[in-house]
Every structure is written in structure tokens, then in C-alpha cells.
file coords12.txt (compact mmCIF, C-alpha atoms)
# COMPACT_ATOMS: atom_id res chain seq x y z
CA MET A 1017 0.00 0.00 0.00
CA PHE A 1018 2.84 2.40 0.83
CA LYS A 1019 4.38 1.80 -2.61
CA THR A 1020 1.00 2.63 -4.18
CA ILE A 1021 0.85 5.93 -2.30
CA ILE A 1022 4.44 6.83 -3.29
CA ASP A 1023 3.71 6.08 -6.96
CA ALA A 1024 0.48 8.10 -6.75
CA PHE A 1025 2.37 11.27 -5.80
CA LYS A 1026 4.28 11.03 -9.09
CA ILE A 1027 1.07 11.73 -11.05
CA LYS A 1028 0.08 15.40 -10.91
CA GLU A 1029 -3.71 14.99 -11.05
CA VAL A 1030 -3.77 12.16 -8.52
CA ARG A 1031 -1.43 14.15 -6.26
CA ARG A 1032 -3.82 17.12 -6.42
CA LYS A 1033 -6.76 14.92 -5.42
CA ILE A 1034 -4.79 13.51 -2.50
CA PHE A 1035 -3.99 17.02 -1.23
CA ILE A 1036 -7.65 18.05 -1.58
CA THR A 1037 -8.66 14.99 0.43
CA LEU A 1038 -6.10 15.74 3.15
CA ILE A 1039 -7.16 19.41 3.39
CA LEU A 1040 -10.83 18.52 3.77
CA LEU A 1041 -10.00 15.85 6.36
CA PHE A 1042 -7.91 18.39 8.27
CA LEU A 1043 -10.84 20.82 8.17
CA PHE A 1044 -13.06 18.10 9.63
CA ARG A 1045 -10.61 17.43 12.45
CA VAL A 1046 -10.40 21.14 13.26
CA GLY A 1047 -14.19 21.21 13.51
CA CYS A 1048 -14.03 18.29 15.95
CA TRP A 1049 -12.16 20.54 18.40
CA LEU A 1050 -14.29 23.69 18.09
CA PRO A 1051 -16.61 23.71 21.14
CA ILE A 1052 -20.27 24.64 21.09
CA PRO A 1053 -20.65 28.17 22.56
CA GLY A 1054 -22.19 28.23 26.02
CA ILE A 1055 -21.47 24.57 26.88
CA ASP A 1056 -19.58 23.47 29.97
CA LYS A 1057 -17.07 21.22 28.22
CA GLU A 1058 -15.99 19.36 31.37
CA VAL A 1059 -19.57 18.43 32.30
CA PHE A 1060 -20.24 17.31 28.72
CA ALA A 1061 -17.06 15.19 28.59
CA SER A 1062 -17.70 13.54 31.96
CA SER A 1063 -21.27 12.63 30.93
CA VAL A 1064 -20.01 11.00 27.72
CA SER A 1065 -17.25 9.14 29.61
CA ALA A 1066 -19.84 7.78 32.04
CA ASP A 1067 -21.60 6.17 29.06
CA GLN A 1068 -18.40 4.83 27.50
CA ASN A 1069 -19.94 1.46 26.60
CA GLY A 1070 -23.30 2.84 25.55
CA PHE A 1071 -24.71 4.92 22.72
CA LEU A 1072 -22.77 8.10 23.57
CA GLY A 1073 -19.49 6.22 23.89
CA LEU A 1074 -19.89 4.56 20.48
CA LEU A 1075 -20.89 7.87 18.90
CA SER A 1076 -17.85 9.60 20.42
CA THR A 1077 -15.50 6.89 19.11
CA LEU A 1078 -16.86 7.06 15.56
CA SER A 1079 -16.62 10.87 15.59
CA GLY A 1080 -13.00 10.83 16.74
CA GLY A 1081 -13.77 12.20 20.20
CA ALA A 1082 -15.79 15.11 18.81
CA LEU A 1083 -18.69 14.32 21.13
CA SER A 1084 -16.41 14.20 24.19
CA ASN A 1085 -15.02 17.59 23.15
CA ALA A 1086 -18.55 19.05 22.95
CA SER A 1087 -17.66 20.25 19.47
CA ILE A 1088 -19.89 21.61 16.71
CA LEU A 1089 -19.32 18.36 14.75
CA ALA A 1090 -20.19 16.14 17.72
CA LEU A 1091 -22.76 14.06 15.82
CA GLY A 1092 -20.32 13.30 13.01
CA VAL A 1093 -21.69 11.19 10.15
CA SER A 1094 -23.79 8.94 12.38
CA PRO A 1095 -27.17 10.40 11.25
CA TYR A 1096 -26.26 10.03 7.57
CA ILE A 1097 -24.97 6.46 7.98
CA ASN A 1098 -28.13 5.39 9.80
CA ALA A 1099 -30.25 7.17 7.17
CA SER A 1100 -28.41 5.36 4.37
CA ILE A 1101 -29.06 1.99 5.99
CA ILE A 1102 -32.74 2.80 6.52
CA ILE A 1103 -33.17 3.89 2.88
CA GLN A 1104 -31.48 0.68 1.69
CA LEU A 1105 -33.83 -1.41 3.80
CA LEU A 1106 -36.85 0.55 2.58
CA GLN A 1107 -35.89 -0.25 -1.01
CA VAL A 1108 -36.99 -3.82 -0.32
CA ALA A 1109 -40.33 -2.80 1.20
CA ILE A 1110 -41.10 0.03 -1.28
CA PRO A 1111 -40.76 -0.98 -4.96
CA ARG A 1112 -40.74 2.68 -6.01
CA LEU A 1113 -37.45 3.28 -4.18
CA ASP A 1114 -35.94 0.13 -5.72
CA ASP A 1115 -36.94 1.34 -9.20
CA LEU A 1116 -35.32 4.73 -8.50
CA ALA A 1117 -32.07 3.08 -7.35
CA GLN A 1118 -31.86 1.17 -10.66
CA SER A 1119 -32.98 3.99 -12.98
CA GLY A 1120 -29.60 5.60 -13.57
CA GLU A 1121 -28.10 8.88 -12.45
CA ASP A 1122 -31.41 10.73 -11.97
CA GLY A 1123 -32.73 7.97 -9.74
CA ARG A 1124 -29.58 7.93 -7.64
CA LYS A 1125 -29.83 11.71 -7.18
CA LYS A 1126 -33.36 11.34 -5.82
CA ILE A 1127 -32.24 8.52 -3.51
CA ASN A 1128 -29.43 10.76 -2.23
CA LEU A 1129 -31.95 13.55 -1.64
CA TYR A 1130 -34.19 11.23 0.38
CA THR A 1131 -31.15 10.06 2.33
CA ARG A 1132 -30.20 13.66 3.19
CA ILE A 1133 -33.75 14.40 4.36
CA ALA A 1134 -33.75 11.27 6.53
CA ALA A 1135 -30.29 12.23 7.87
CA LEU A 1136 -31.62 15.68 8.81
CA ILE A 1137 -34.55 14.14 10.70
CA LEU A 1138 -32.27 11.70 12.53
CA ALA A 1139 -29.79 14.49 13.33
CA VAL A 1140 -32.58 16.55 14.92
CA ALA A 1141 -33.74 13.53 16.95
CA GLN A 1142 -30.21 12.69 18.13
CA ALA A 1143 -29.39 16.31 18.94
CA ILE A 1144 -32.57 16.70 21.02
CA GLY A 1145 -31.99 13.38 22.77
CA ILE A 1146 -28.38 14.16 23.68
CA THR A 1147 -29.16 17.72 24.79
CA VAL A 1148 -32.09 16.71 26.99
CA ALA A 1149 -30.26 13.69 28.43
CA LEU A 1150 -27.25 15.81 29.45
CA SER A 1151 -29.14 18.95 30.52
CA LYS A 1152 -29.74 17.46 33.98
CA ASN A 1153 -26.00 17.77 34.69
CA THR A 1154 -25.87 21.60 34.57
CA LEU A 1155 -24.67 21.41 30.99
CA PHE A 1156 -24.97 25.07 30.03
CA ASP A 1157 -22.58 27.79 31.10
CA THR A 1158 -24.53 30.20 33.32
CA ARG A 1159 -22.11 33.02 32.48
CA LEU A 1160 -23.48 33.12 28.93
CA TRP A 1161 -26.98 31.72 29.37
CA SER A 1162 -28.70 33.57 32.20
CA GLY A 1163 -32.03 35.23 32.81
CA SER A 1164 -34.40 35.19 29.85
CA MET A 1165 -31.72 33.65 27.59
CA ALA A 1166 -31.42 30.47 29.67
CA GLY A 1167 -34.42 28.87 27.95
CA PHE A 1168 -32.87 29.41 24.52
CA ALA A 1169 -29.68 27.48 25.40
CA PRO A 1170 -31.02 23.97 24.57
CA VAL A 1171 -32.54 25.20 21.30
CA PHE A 1172 -29.26 26.83 20.26
CA THR A 1173 -27.32 23.67 21.12
CA VAL A 1174 -29.65 21.51 19.02
CA ILE A 1175 -29.36 23.90 16.07
CA VAL A 1176 -25.55 23.87 16.25
CA LEU A 1177 -25.39 20.06 16.49
CA VAL A 1178 -27.73 19.59 13.52
CA ALA A 1179 -25.86 22.18 11.44
CA GLY A 1180 -22.56 20.45 12.28
CA ALA A 1181 -23.93 17.06 11.23
CA MET A 1182 -25.12 18.38 7.85
CA PHE A 1183 -21.82 20.23 7.33
CA THR A 1184 -20.02 16.93 7.94
CA VAL A 1185 -22.18 15.30 5.25
CA TRP A 1186 -21.28 18.16 2.89
CA LEU A 1187 -17.57 17.65 3.60
CA GLY A 1188 -17.88 13.94 2.88
CA GLU A 1189 -19.61 14.57 -0.44
CA ARG A 1190 -16.93 17.10 -1.46
CA ILE A 1191 -14.22 14.51 -0.77
CA THR A 1192 -16.08 11.94 -2.87
CA GLU A 1193 -16.49 14.37 -5.79
CA THR A 1194 -13.11 16.13 -5.80
CA GLY A 1195 -10.83 13.81 -3.84
CA ILE A 1196 -10.16 10.08 -3.69
CA GLY A 1197 -12.33 7.47 -2.04
CA ASN A 1198 -15.68 7.61 -0.31
CA GLY A 1199 -15.69 10.82 1.69
CA LEU A 1200 -18.03 9.75 4.49
CA SER A 1201 -16.11 6.50 5.01
CA LEU A 1202 -12.84 8.43 5.20
CA LEU A 1203 -14.32 10.80 7.81
CA ILE A 1204 -15.23 7.81 9.99
CA PHE A 1205 -11.80 6.28 9.29
CA VAL A 1206 -9.99 9.42 10.44
CA GLY A 1207 -12.25 9.73 13.49
CA ILE A 1208 -11.56 6.19 14.64
CA LEU A 1209 -7.80 6.54 14.10
CA SER A 1210 -7.87 9.78 16.08
CA SER A 1211 -9.67 8.11 18.99
CA ALA A 1212 -7.21 5.20 18.91
CA GLY A 1213 -4.20 7.53 18.71
CA THR A 1214 -5.43 9.62 21.64
CA ALA A 1215 -6.04 6.47 23.70
CA ILE A 1216 -2.56 5.10 22.94
CA LEU A 1217 -0.91 8.41 23.85
CA PHE A 1218 -2.89 8.64 27.09
CA THR A 1219 -1.96 5.08 28.08
CA LEU A 1220 1.74 5.49 27.26
CA THR A 1221 1.83 8.76 29.22
CA ASN A 1222 0.50 6.98 32.31
CA ILE A 1223 2.95 4.09 31.90
CA PHE A 1224 5.99 6.35 31.45
CA GLY A 1225 4.71 8.42 34.35
CA GLY A 1226 5.42 5.51 36.69
CA ASN A 1227 2.35 3.31 36.34
CA THR A 1228 4.30 0.43 34.79
CA LYS A 1229 2.21 -2.44 36.19
CA TYR A 1230 -0.02 -2.30 33.11
CA LEU A 1231 2.86 -2.52 30.62
CA TRP A 1232 2.50 -6.31 30.19
CA ASN A 1233 -1.26 -5.94 29.73
CA LEU A 1234 -0.59 -3.32 27.06
CA LEU A 1235 1.76 -5.61 25.10
CA VAL A 1236 -0.67 -8.56 25.21
CA PHE A 1237 -3.49 -6.21 24.26
CA PHE A 1238 -1.69 -5.05 21.11
CA VAL A 1239 -0.89 -8.65 20.14
CA ALA A 1240 -4.62 -9.41 20.38
CA VAL A 1241 -5.43 -6.31 18.30
CA ILE A 1242 -2.99 -7.41 15.56
CA ALA A 1243 -4.53 -10.90 15.56
CA VAL A 1244 -8.03 -9.45 15.17
CA PHE A 1245 -6.83 -7.16 12.36
CA ALA A 1246 -5.31 -10.16 10.55
CA LEU A 1247 -8.56 -12.13 10.92
CA ILE A 1248 -10.63 -9.22 9.58
CA ILE A 1249 -8.33 -8.76 6.55
CA PHE A 1250 -8.39 -12.50 5.82
CA ILE A 1251 -12.19 -12.74 5.92
CA ASP A 1252 -12.63 -9.46 4.02
CA GLY A 1253 -10.92 -10.96 0.97
CA ALA A 1254 -12.49 -14.42 1.28
CA GLU A 1255 -14.99 -15.39 -1.41
CA ARG A 1256 -16.63 -18.42 -2.98
CA LYS A 1257 -15.96 -18.54 -6.72
CA ILE A 1258 -18.71 -20.17 -8.78
CA PRO A 1259 -17.24 -21.20 -12.19
CA VAL A 1260 -19.25 -20.21 -15.28
CA GLN A 1261 -18.56 -21.68 -18.72
CA TYR A 1262 -19.56 -19.80 -21.89
CA ALA A 1263 -20.34 -21.76 -25.07
CA LYS A 1264 -18.44 -21.32 -28.35
CA GLN A 1265 -19.82 -18.43 -30.41
CA VAL A 1266 -19.74 -17.79 -34.17
CA ASN A 1267 -19.79 -14.20 -35.44
CA GLY A 1268 -19.83 -14.15 -39.26
CA ARG A 1269 -16.87 -16.17 -40.48
CA LYS A 1270 -15.06 -15.95 -37.17
CA GLY A 1271 -15.49 -18.43 -34.37
CA TYR A 1272 -14.70 -17.79 -30.72
CA ASN A 1273 -13.81 -20.57 -28.32
CA GLY A 1274 -15.80 -20.86 -25.13
CA GLN A 1275 -14.47 -18.86 -22.21
CA SER A 1276 -14.66 -19.54 -18.51
CA ASN A 1277 -15.31 -17.02 -15.77
CA PHE A 1278 -16.59 -17.07 -12.21
CA ILE A 1279 -19.17 -15.40 -9.99
CA PRO A 1280 -17.61 -14.15 -6.75
CA VAL A 1281 -19.76 -14.59 -3.62
CA ARG A 1282 -18.04 -12.76 -0.77
CA VAL A 1283 -18.09 -14.27 2.70
CA ASN A 1284 -18.54 -10.82 4.25
CA GLY A 1285 -20.41 -9.08 1.47
CA SER A 1286 -22.40 -6.88 3.86
CA GLY A 1287 -19.31 -5.40 5.51
CA VAL A 1288 -19.89 -3.74 8.86
CA ILE A 1289 -23.49 -2.66 8.11
CA PRO A 1290 -25.22 -5.42 10.18
CA ILE A 1291 -23.10 -4.53 13.24
CA ILE A 1292 -23.85 -0.81 12.95
CA PHE A 1293 -27.56 -1.37 12.45
CA ALA A 1294 -27.79 -3.88 15.33
CA SER A 1295 -26.02 -1.42 17.63
CA ALA A 1296 -28.29 1.41 16.50
CA ILE A 1297 -31.46 -0.59 17.18
CA LEU A 1298 -30.32 -1.66 20.65
CA SER A 1299 -29.13 1.87 21.50
CA PHE A 1300 -32.31 3.61 20.30
CA PRO A 1301 -34.52 2.49 23.26
CA TYR A 1302 -31.84 3.66 25.69
CA MET A 1303 -31.81 7.07 24.02
CA LEU A 1304 -35.61 7.33 24.27
CA ILE A 1305 -35.62 6.25 27.93
CA SER A 1306 -32.88 8.79 28.71
CA LEU A 1307 -34.98 11.45 26.98
CA PHE A 1308 -38.41 10.79 28.50
CA TRP A 1309 -37.73 8.67 31.62
CA PRO A 1310 -34.21 9.60 32.81
CA ASN A 1311 -34.71 7.91 36.19
CA ALA A 1312 -35.27 4.56 34.49
CA ALA A 1313 -32.16 4.78 32.30
CA GLU A 1314 -29.85 3.26 34.92
CA GLY A 1315 -32.14 0.27 35.44
CA TYR A 1316 -32.45 -0.31 31.72
CA ASN A 1317 -28.66 -0.17 31.37
CA LYS A 1318 -28.27 -2.90 34.00
CA VAL A 1319 -30.68 -5.23 32.20
CA LEU A 1320 -29.96 -4.46 28.54
CA GLY A 1321 -26.84 -2.32 28.68
CA SER A 1322 -23.67 -3.01 26.75
CA GLY A 1323 -21.90 -6.08 28.15
CA THR A 1324 -24.97 -7.80 29.66
CA TRP A 1325 -25.83 -11.33 28.53
CA LEU A 1326 -29.19 -10.25 27.12
CA TYR A 1327 -27.48 -7.52 25.11
CA ILE A 1328 -24.92 -10.02 23.73
CA VAL A 1329 -27.61 -12.53 22.69
CA LEU A 1330 -29.81 -9.87 21.03
CA THR A 1331 -26.80 -8.37 19.25
CA ALA A 1332 -25.82 -11.75 17.81
CA LEU A 1333 -29.39 -12.48 16.65
CA LEU A 1334 -29.78 -9.03 15.05
CA ILE A 1335 -26.42 -9.38 13.27
CA LEU A 1336 -27.48 -12.76 11.86
CA PHE A 1337 -30.81 -11.31 10.72
CA PHE A 1338 -29.41 -8.20 9.06
CA THR A 1339 -26.59 -10.14 7.37
CA TYR A 1340 -29.12 -12.40 5.64
CA PHE A 1341 -31.40 -9.45 4.94
CA TYR A 1342 -28.62 -7.44 3.31
CA ALA A 1343 -27.53 -10.49 1.29
CA GLN A 1344 -31.03 -10.73 -0.18
CA ILE A 1345 -30.82 -7.08 -1.24
CA THR A 1346 -27.40 -7.23 -2.89
CA PHE A 1347 -27.32 -10.82 -4.27
CA LYS A 1348 -30.25 -11.71 -6.52
CA PRO A 1349 -29.98 -15.26 -7.97
CA GLU A 1350 -32.86 -14.72 -10.44
CA ASP A 1351 -31.15 -11.76 -12.12
CA ILE A 1352 -27.75 -13.48 -12.15
CA SER A 1353 -29.21 -16.65 -13.67
CA LYS A 1354 -30.99 -14.64 -16.37
CA ASN A 1355 -27.81 -12.73 -17.25
CA ILE A 1356 -25.78 -15.94 -17.48
CA GLN A 1357 -28.36 -17.57 -19.76
CA GLN A 1358 -28.63 -14.49 -22.01
CA SER A 1359 -24.84 -14.43 -22.37
CA GLY A 1360 -24.73 -18.06 -23.48
CA GLY A 1361 -23.19 -19.25 -20.24
CA PHE A 1362 -23.93 -22.02 -17.77
CA ILE A 1363 -22.67 -23.38 -14.47
CA GLU A 1364 -21.08 -26.78 -14.96
CA GLY A 1365 -23.27 -29.59 -13.67
CA VAL A 1366 -26.29 -27.30 -13.17
CA ARG A 1367 -29.16 -26.89 -15.60
CA PRO A 1368 -30.01 -23.34 -16.72
CA GLY A 1369 -33.12 -21.68 -15.35
CA LYS A 1370 -34.71 -22.71 -12.07
CA ASP A 1371 -31.93 -25.16 -11.13
CA THR A 1372 -29.34 -22.40 -11.50
CA VAL A 1373 -31.43 -20.08 -9.31
CA ASN A 1374 -31.74 -22.77 -6.62
CA PHE A 1375 -28.01 -23.53 -6.79
CA LEU A 1376 -27.03 -19.85 -6.45
CA THR A 1377 -29.52 -19.39 -3.59
CA ARG A 1378 -28.13 -22.42 -1.74
CA VAL A 1379 -24.51 -21.28 -2.16
CA SER A 1380 -25.38 -17.73 -1.11
CA ARG A 1381 -27.11 -18.91 2.06
CA ARG A 1382 -24.21 -21.14 3.07
CA VAL A 1383 -21.59 -18.46 2.44
CA THR A 1384 -23.74 -15.84 4.18
CA LEU A 1385 -23.97 -18.11 7.24
CA PHE A 1386 -20.18 -18.05 7.58
CA GLY A 1387 -20.19 -14.28 7.15
CA ALA A 1388 -22.95 -13.82 9.74
CA VAL A 1389 -21.18 -16.02 12.29
CA PHE A 1390 -17.93 -14.12 11.66
CA LEU A 1391 -19.63 -10.74 12.18
CA ALA A 1392 -21.29 -11.92 15.40
CA PHE A 1393 -17.94 -13.28 16.60
CA ILE A 1394 -15.97 -10.16 15.71
CA ALA A 1395 -18.61 -7.88 17.26
CA LEU A 1396 -18.75 -9.64 20.62
CA VAL A 1397 -15.76 -11.87 21.40
CA PRO A 1398 -12.87 -9.38 20.84
CA SER A 1399 -14.60 -6.78 23.03
CA VAL A 1400 -14.82 -9.29 25.89
CA VAL A 1401 -11.23 -10.44 25.37
CA PHE A 1402 -9.94 -6.85 25.22
CA ALA A 1403 -11.76 -6.04 28.45
CA LEU A 1404 -10.19 -9.05 30.20
CA ILE A 1405 -6.70 -8.35 28.86
CA GLY A 1406 -6.88 -4.59 29.23
CA GLY A 1407 -7.79 -4.54 32.88
CA GLU A 1408 -7.51 -0.87 33.78
CA LEU A 1409 -6.78 0.13 30.18
CA THR A 1410 -10.40 1.20 29.69
CA THR A 1411 -9.44 4.03 27.34
CA LEU A 1412 -7.78 1.62 24.92
CA THR A 1413 -10.52 -1.03 25.11
CA GLY A 1414 -13.09 1.65 24.30
CA ALA A 1415 -11.13 3.04 21.35
CA PHE A 1416 -10.29 -0.36 19.78
CA SER A 1417 -13.83 -1.64 19.33
CA ALA A 1418 -14.47 -4.49 16.89
CA THR A 1419 -16.79 -2.29 14.85
CA GLY A 1420 -14.16 0.41 14.59
CA MET A 1421 -11.44 -2.00 13.51
CA MET A 1422 -13.66 -3.50 10.81
CA ILE A 1423 -14.41 -0.03 9.47
CA VAL A 1424 -10.71 0.89 9.47
CA VAL A 1425 -9.74 -2.25 7.51
CA SER A 1426 -12.59 -1.92 5.01
CA VAL A 1427 -11.95 1.78 4.33
CA ALA A 1428 -8.18 1.30 4.02
CA LEU A 1429 -8.57 -1.51 1.48
CA GLU A 1430 -11.19 0.43 -0.47
CA PHE A 1431 -8.99 3.55 -0.51
CA GLN A 1432 -6.11 1.51 -1.92
CA LYS A 1433 -8.36 0.14 -4.69
CA GLN A 1434 -9.60 3.64 -5.53
CA LEU A 1435 -6.02 4.96 -5.64
CA GLU A 1436 -4.87 2.16 -7.93
CA SER A 1437 -7.88 2.76 -10.16
CA GLN A 1438 -7.00 6.46 -10.46
CA MET A 1439 -3.42 5.59 -11.36
CA ILE A 1440 -4.41 3.02 -13.99
CA THR A 1441 -6.79 5.48 -15.63
CA ARG A 1442 -4.22 8.29 -15.93
CA ASN A 1443 -0.97 6.42 -16.40
CA TYR A 1444 -1.92 2.97 -17.64
CA LYS A 1445 1.32 2.05 -19.38
CA GLY A 1446 3.63 3.41 -16.72
CA PHE A 1447 1.71 1.69 -13.95
CA LEU A 1448 1.94 -1.74 -15.60
CA ASN A 1449 5.65 -1.34 -16.18
call {"tool": "encode", "arguments": {"input": "coords12.txt", "output": "C-alpha cells"}}
result
Amino acid sequence: MFKTIIDAFKIKEVRRKIFITLILLFLFRVGCWLPIPGIDKEVFASSVSADQNGFLGLLSTLSGGALSNASILALGVSPYINASIIIQLLQVAIPRLDDLAQSGEDGRKKINLYTRIAALILAVAQAIGITVALSKNTLFDTRLWSGSMAGFAPVFTVIVLVAGAMFTVWLGERITETGIGNGLSLLIFVGILSSAGTAILFTLTNIFGGNTKYLWNLLVFFVAVIAVFALIIFIDGAERKIPVQYAKQVNGRKGYNGQSNFIPVRVNGSGVIPIIFASAILSFPYMLISLFWPNAAEGYNKVLGSGTWLYIVLTALLILFFTYFYAQITFKPEDISKNIQQSGGFIEGVRPGKDTVNFLTRVSRRVTLFGAVFLAFIALVPSVVFALIGGELTTLTGAFSATGMMIVVSVALEFQKQLESQMITRNYKGFLN
């Protein structure tokens, strides 16, 4: 990957896109440190730290600590990501949305518009929920908000949070259009790396400050992190190749021998989406309870909070469900079978038509089962292992979540593919040599 980046800087246009991407990412990180006016930053940070394993803790990690900093970009891209997942799921239930998604550029523009509207609604809901949940802790600075202005403080905070979320979406779209890679994915990538870097620096500072009894735990912890990274990379590239044979074709006086190809069925074709959606569903009731029944939030957290057995079981079941659900959206055996038959191809040992559809469906279900089990494993087991190994290293165990590591690996591999694609397009001969 490093060689790819070095070669990319030798091409002027690609180098310009890389610099644009870096500038916009830097602008995002600056926004993650600009505090909301009139907010007591220490009270805000302590409230988020108290919910390290809950909804606020996950949101803070994905935003690179922006929520802990009480910054104007505290919500990050979370509303847009959840909106994208909801719109994708609605495409199955609403045929009109599915037709729009497959109707070319105009249809995709309308889908993007609906996604932005849904992101705006979710951003308002999250901003209100966070503001109301934290207002009980004397959140607002009385030096700025006093007298008749005190009642306007929550409204102003919600407006700033929503504006910051939509500005983050705008930044991500600018990176996608003028830079390299998917902008929103890169924003999450940078946020997670920032959280991990801050956690590592904090831990090393404590160890070098004389607290050396956790040094061995730190070394074992990093060995476990590397092992999990290796497992994620291995599964990310794993796929089941279904061989397809094309019959000999005659075009005029020329004859073409039959060619062979394959249909790739990825083990983890859904990526990290099932984990994110399962976490969002389980976190949503907690957010509502914190908003309307704050006294019951602690009891709910004990029964269904992060780390409880009921939470682990429900998370695994939801991951299995959404993995299969997403596979049905993205992998359609009927369409694949029709395309193979129209191209004069066939799967060896399988009759065209209904038998091919049944064969593809059976293979897809078996491969998806491995992917679903892997996602459930990677979402739950490493977190438990990290907590046992980490001991008092709670900052590190919170930053290196399984979800975050999967996102980092997926985005890094996708960025490398995008970079190589840009180089091939602009310097095809030189790149091959």
C-alpha cells in the first residue's frame, strides 16, 4: 500500500486529489475541536465518559472524540450512515425506491436527496436526545446563558449540532467528488484513528509516568489487536468462486472458443453494516428512555446495557438477521441466472433456469452463514477479550472496538483500490511497467 501511495504522488492529477482529500479531512478534524458556545465542556465530557460502553461512547469513538469535546461536529456522520441503511432497507419494502435506485443517475440523485432528508430528521432527533439527556448535569454555562436567555440554550445547542452534522455530510460529499475514495467513510476512518491515537498516547503517558504495572497488559493487548486485524483482513478478501462456462460463439466467419469465468460470492459481502444497524437498534430504546424517563435509564442499562448477557444474545441475533437481509438485497440469484443464460453461459453440472437459481440461492445462504457467524464473533468476542486483557486500560478497550477495527480495515482496502484505479486510468502504461 505504501508503494502505491508513493507512486500516486508522481502523477500530478492524482497528487492534487490527495492534497484536496487531506485538506478537507484536516478541516473536519479542526471542527471536531471547536466547542459549542455556552457549553460546559468538562460536564459534557464527563457525561459521555460515564456512558463509555453505551450509545454516547460509540458515537464519540466514531466521531473521533468530537462528542467528548462538545464540538460543533459532535454528531459526526452517524445520522447520515443510519439514514443510508434505513433507505437501503426501505428499497426492499417500497418498490418505487428500488426502481429509483436502478434507474440511472437521476434515480440515484433522488435517492441521495431522500437520504439527506432522513439524515436531517435523525440528526434533529439525536441532537434533542443528547441535549435533553445531558441537561440534567448543569450542561450550560450560566455566564453566557442567564435570565431570559437560559431557555434558549437547549434550542441553540440543538441547532448547532444539527448544522454540524449536515456540514459533515457536505464535507464527505466534497471529498467523494473532488478527492479520492468515499468521503463519508474516510471521515469515519480518520475519526476512529484519532480516537485510537489519543487512547494510545494517554496510556503510554500513564505508563511512562510511573504506572508500569499495566505494561505487560498493554503488550498482550496489542498482540490481540494485531490478531483481530489479521482475521478481519483474511475474511474481508475471502470469497466463494462459482465457475461459469460460456459456449463457443460464431460471429460471421469468425469463431470464438468458449471462455470460462466465475461469480464471486463474498463471505462478508455486507461489511460492517449489520453490526452498525444492530447497535443502532439496541441503542435507540436507551436514548428514548434517557430522553423521556431519565430515572429509568440506569435500570435499563443494567438489564440491557452493553456487556450484559441479554445484550450479547440480542446483538448476535440481530447481526445474523441483518446479514441475511442485506444479502437478499445485494445478491439476486434470479437476475444473475438470467444474465448468465442471455450471455450463453452455464454453471457446470447445473441446468439453466430454475436449477441455477436454486443452486445460487443455496450457495449464497451457506456463504452468508459463515459471514454472519464471523460478524457476530468479531462484534462480541474481541470486546470481551480486550476487556479481560486490558484490565484498567479502559481508554484503549473503548477506542479499539471491533466495529471500529472492521471499518478501518474496510476503508483502508477500499482507498487503496480507488487509488490504484485512479493511477491506472491516468498512467496505464507506466503503472503496468
call {"tool": "closest_residue", "arguments": {"input": "coords12.txt", "among": "A:Ala1395, A:Ile1356, A:Ile1279, A:Ala1246", "to": "Ile1328 of chain A", "atoms": "all atoms listed in the file"}}
result
A:Ala1395
call {"tool": "atom_distance", "arguments": {"input": "coords12.txt", "atom1": "atom CA of Leu1247 of chain A", "atom2": "atom CA of Val1389 of chain A"}}
result
13.3 Å
call {"tool": "residues_around", "arguments": {"input": "coords12.txt", "residues": "segment 1426-1430 of chain A", "least_positions_apart": "4", "cutoff": "12 Å", "atoms": "only C-alpha atoms", "output": "JSON list (two decimals) with C-alpha atoms, keeping the file's coordinate frame"}}
result
[["chain", "number", "residue", "atom", "x", "y", "z"],
["A", 1017, "MET", "CA", 0.00, 0.00, 0.00],
["A", 1018, "PHE", "CA", 2.84, 2.40, 0.83],
["A", 1020, "THR", "CA", 1.00, 2.63, -4.18],
["A", 1021, "ILE", "CA", 0.85, 5.93, -2.30],
["A", 1196, "ILE", "CA", -10.16, 10.08, -3.69],
["A", 1197, "GLY", "CA", -12.33, 7.47, -2.04],
["A", 1198, "ASN", "CA", -15.68, 7.61, -0.31],
["A", 1199, "GLY", "CA", -15.69, 10.82, 1.69],
["A", 1200, "LEU", "CA", -18.03, 9.75, 4.49],
["A", 1201, "SER", "CA", -16.11, 6.50, 5.01],
["A", 1202, "LEU", "CA", -12.84, 8.43, 5.20],
["A", 1203, "LEU", "CA", -14.32, 10.80, 7.81],
["A", 1204, "ILE", "CA", -15.23, 7.81, 9.99],
["A", 1205, "PHE", "CA", -11.80, 6.28, 9.29],
["A", 1206, "VAL", "CA", -9.99, 9.42, 10.44],
["A", 1208, "ILE", "CA", -11.56, 6.19, 14.64],
["A", 1209, "LEU", "CA", -7.80, 6.54, 14.10],
["A", 1245, "PHE", "CA", -6.83, -7.16, 12.36],
["A", 1248, "ILE", "CA", -10.63, -9.22, 9.58],
["A", 1249, "ILE", "CA", -8.33, -8.76, 6.55],
["A", 1250, "PHE", "CA", -8.39, -12.50, 5.82],
["A", 1251, "ILE", "CA", -12.19, -12.74, 5.92],
["A", 1252, "ASP", "CA", -12.63, -9.46, 4.02],
["A", 1253, "GLY", "CA", -10.92, -10.96, 0.97],
["A", 1284, "ASN", "CA", -18.54, -10.82, 4.25],
["A", 1285, "GLY", "CA", -20.41, -9.08, 1.47],
["A", 1286, "SER", "CA", -22.40, -6.88, 3.86],
["A", 1287, "GLY", "CA", -19.31, -5.40, 5.51],
["A", 1288, "VAL", "CA", -19.89, -3.74, 8.86],
["A", 1289, "ILE", "CA", -23.49, -2.66, 8.11],
["A", 1419, "THR", "CA", -16.79, -2.29, 14.85],
["A", 1420, "GLY", "CA", -14.16, 0.41, 14.59],
["A", 1421, "MET", "CA", -11.44, -2.00, 13.51],
["A", 1422, "MET", "CA", -13.66, -3.50, 10.81],
["A", 1434, "GLN", "CA", -9.60, 3.64, -5.53],
["A", 1435, "LEU", "CA", -6.02, 4.96, -5.64],
["A", 1436, "GLU", "CA", -4.87, 2.16, -7.93],
["A", 1437, "SER", "CA", -7.88, 2.76, -10.16]]
call {"tool": "atom_distance", "arguments": {"input": "coords12.txt", "atom1": "atom CA of Phe1168 of chain A", "atom2": "atom CA of Leu1187 of chain A"}}
result
28.5 Å
call {"tool": "closest_residue", "arguments": {"input": "coords12.txt", "among": "A:Phe1431, A:Phe1393, A:Tyr1262, A:Tyr1130", "to": "Ala1332 of chain A", "atoms": "all atoms listed in the file"}}
result
A:Phe1393
call {"tool": "closest_residue", "arguments": {"input": "coords12.txt", "among": "A:Leu1235, A:Ile1052, A:Leu1129, A:Val1283", "to": "Phe1390 of chain A", "atoms": "all atoms listed in the file"}}
result
A:Val1283
call {"tool": "closest_residue", "arguments": {"input": "coords12.txt", "among": "A:Trp1049, A:Tyr1096, A:Phe1044, A:Phe1237", "to": "Met1182 of chain A", "atoms": "all atoms listed in the file"}}
result
A:Tyr1096
call {"tool": "atom_distance", "arguments": {"input": "coords12.txt", "atom1": "atom CA of Gly1387 of chain A", "atom2": "atom CA of Ser1295 of chain A"}}
result
17.6 Å
call {"tool": "closest_residue", "arguments": {"input": "coords12.txt", "among": "A:Thr1131, A:Ala1179, A:Ile1363, A:Lys1019", "to": "Gln1432 of chain A", "atoms": "only C-alpha atoms"}}
result
A:Lys1019
call {"tool": "closest_residue", "arguments": {"input": "coords12.txt", "among": "A:Ile1352, A:Val1319, A:Leu1038, A:Val1329", "to": "Pro1280 of chain A", "atoms": "all atoms listed in the file"}}
result
A:Ile1352
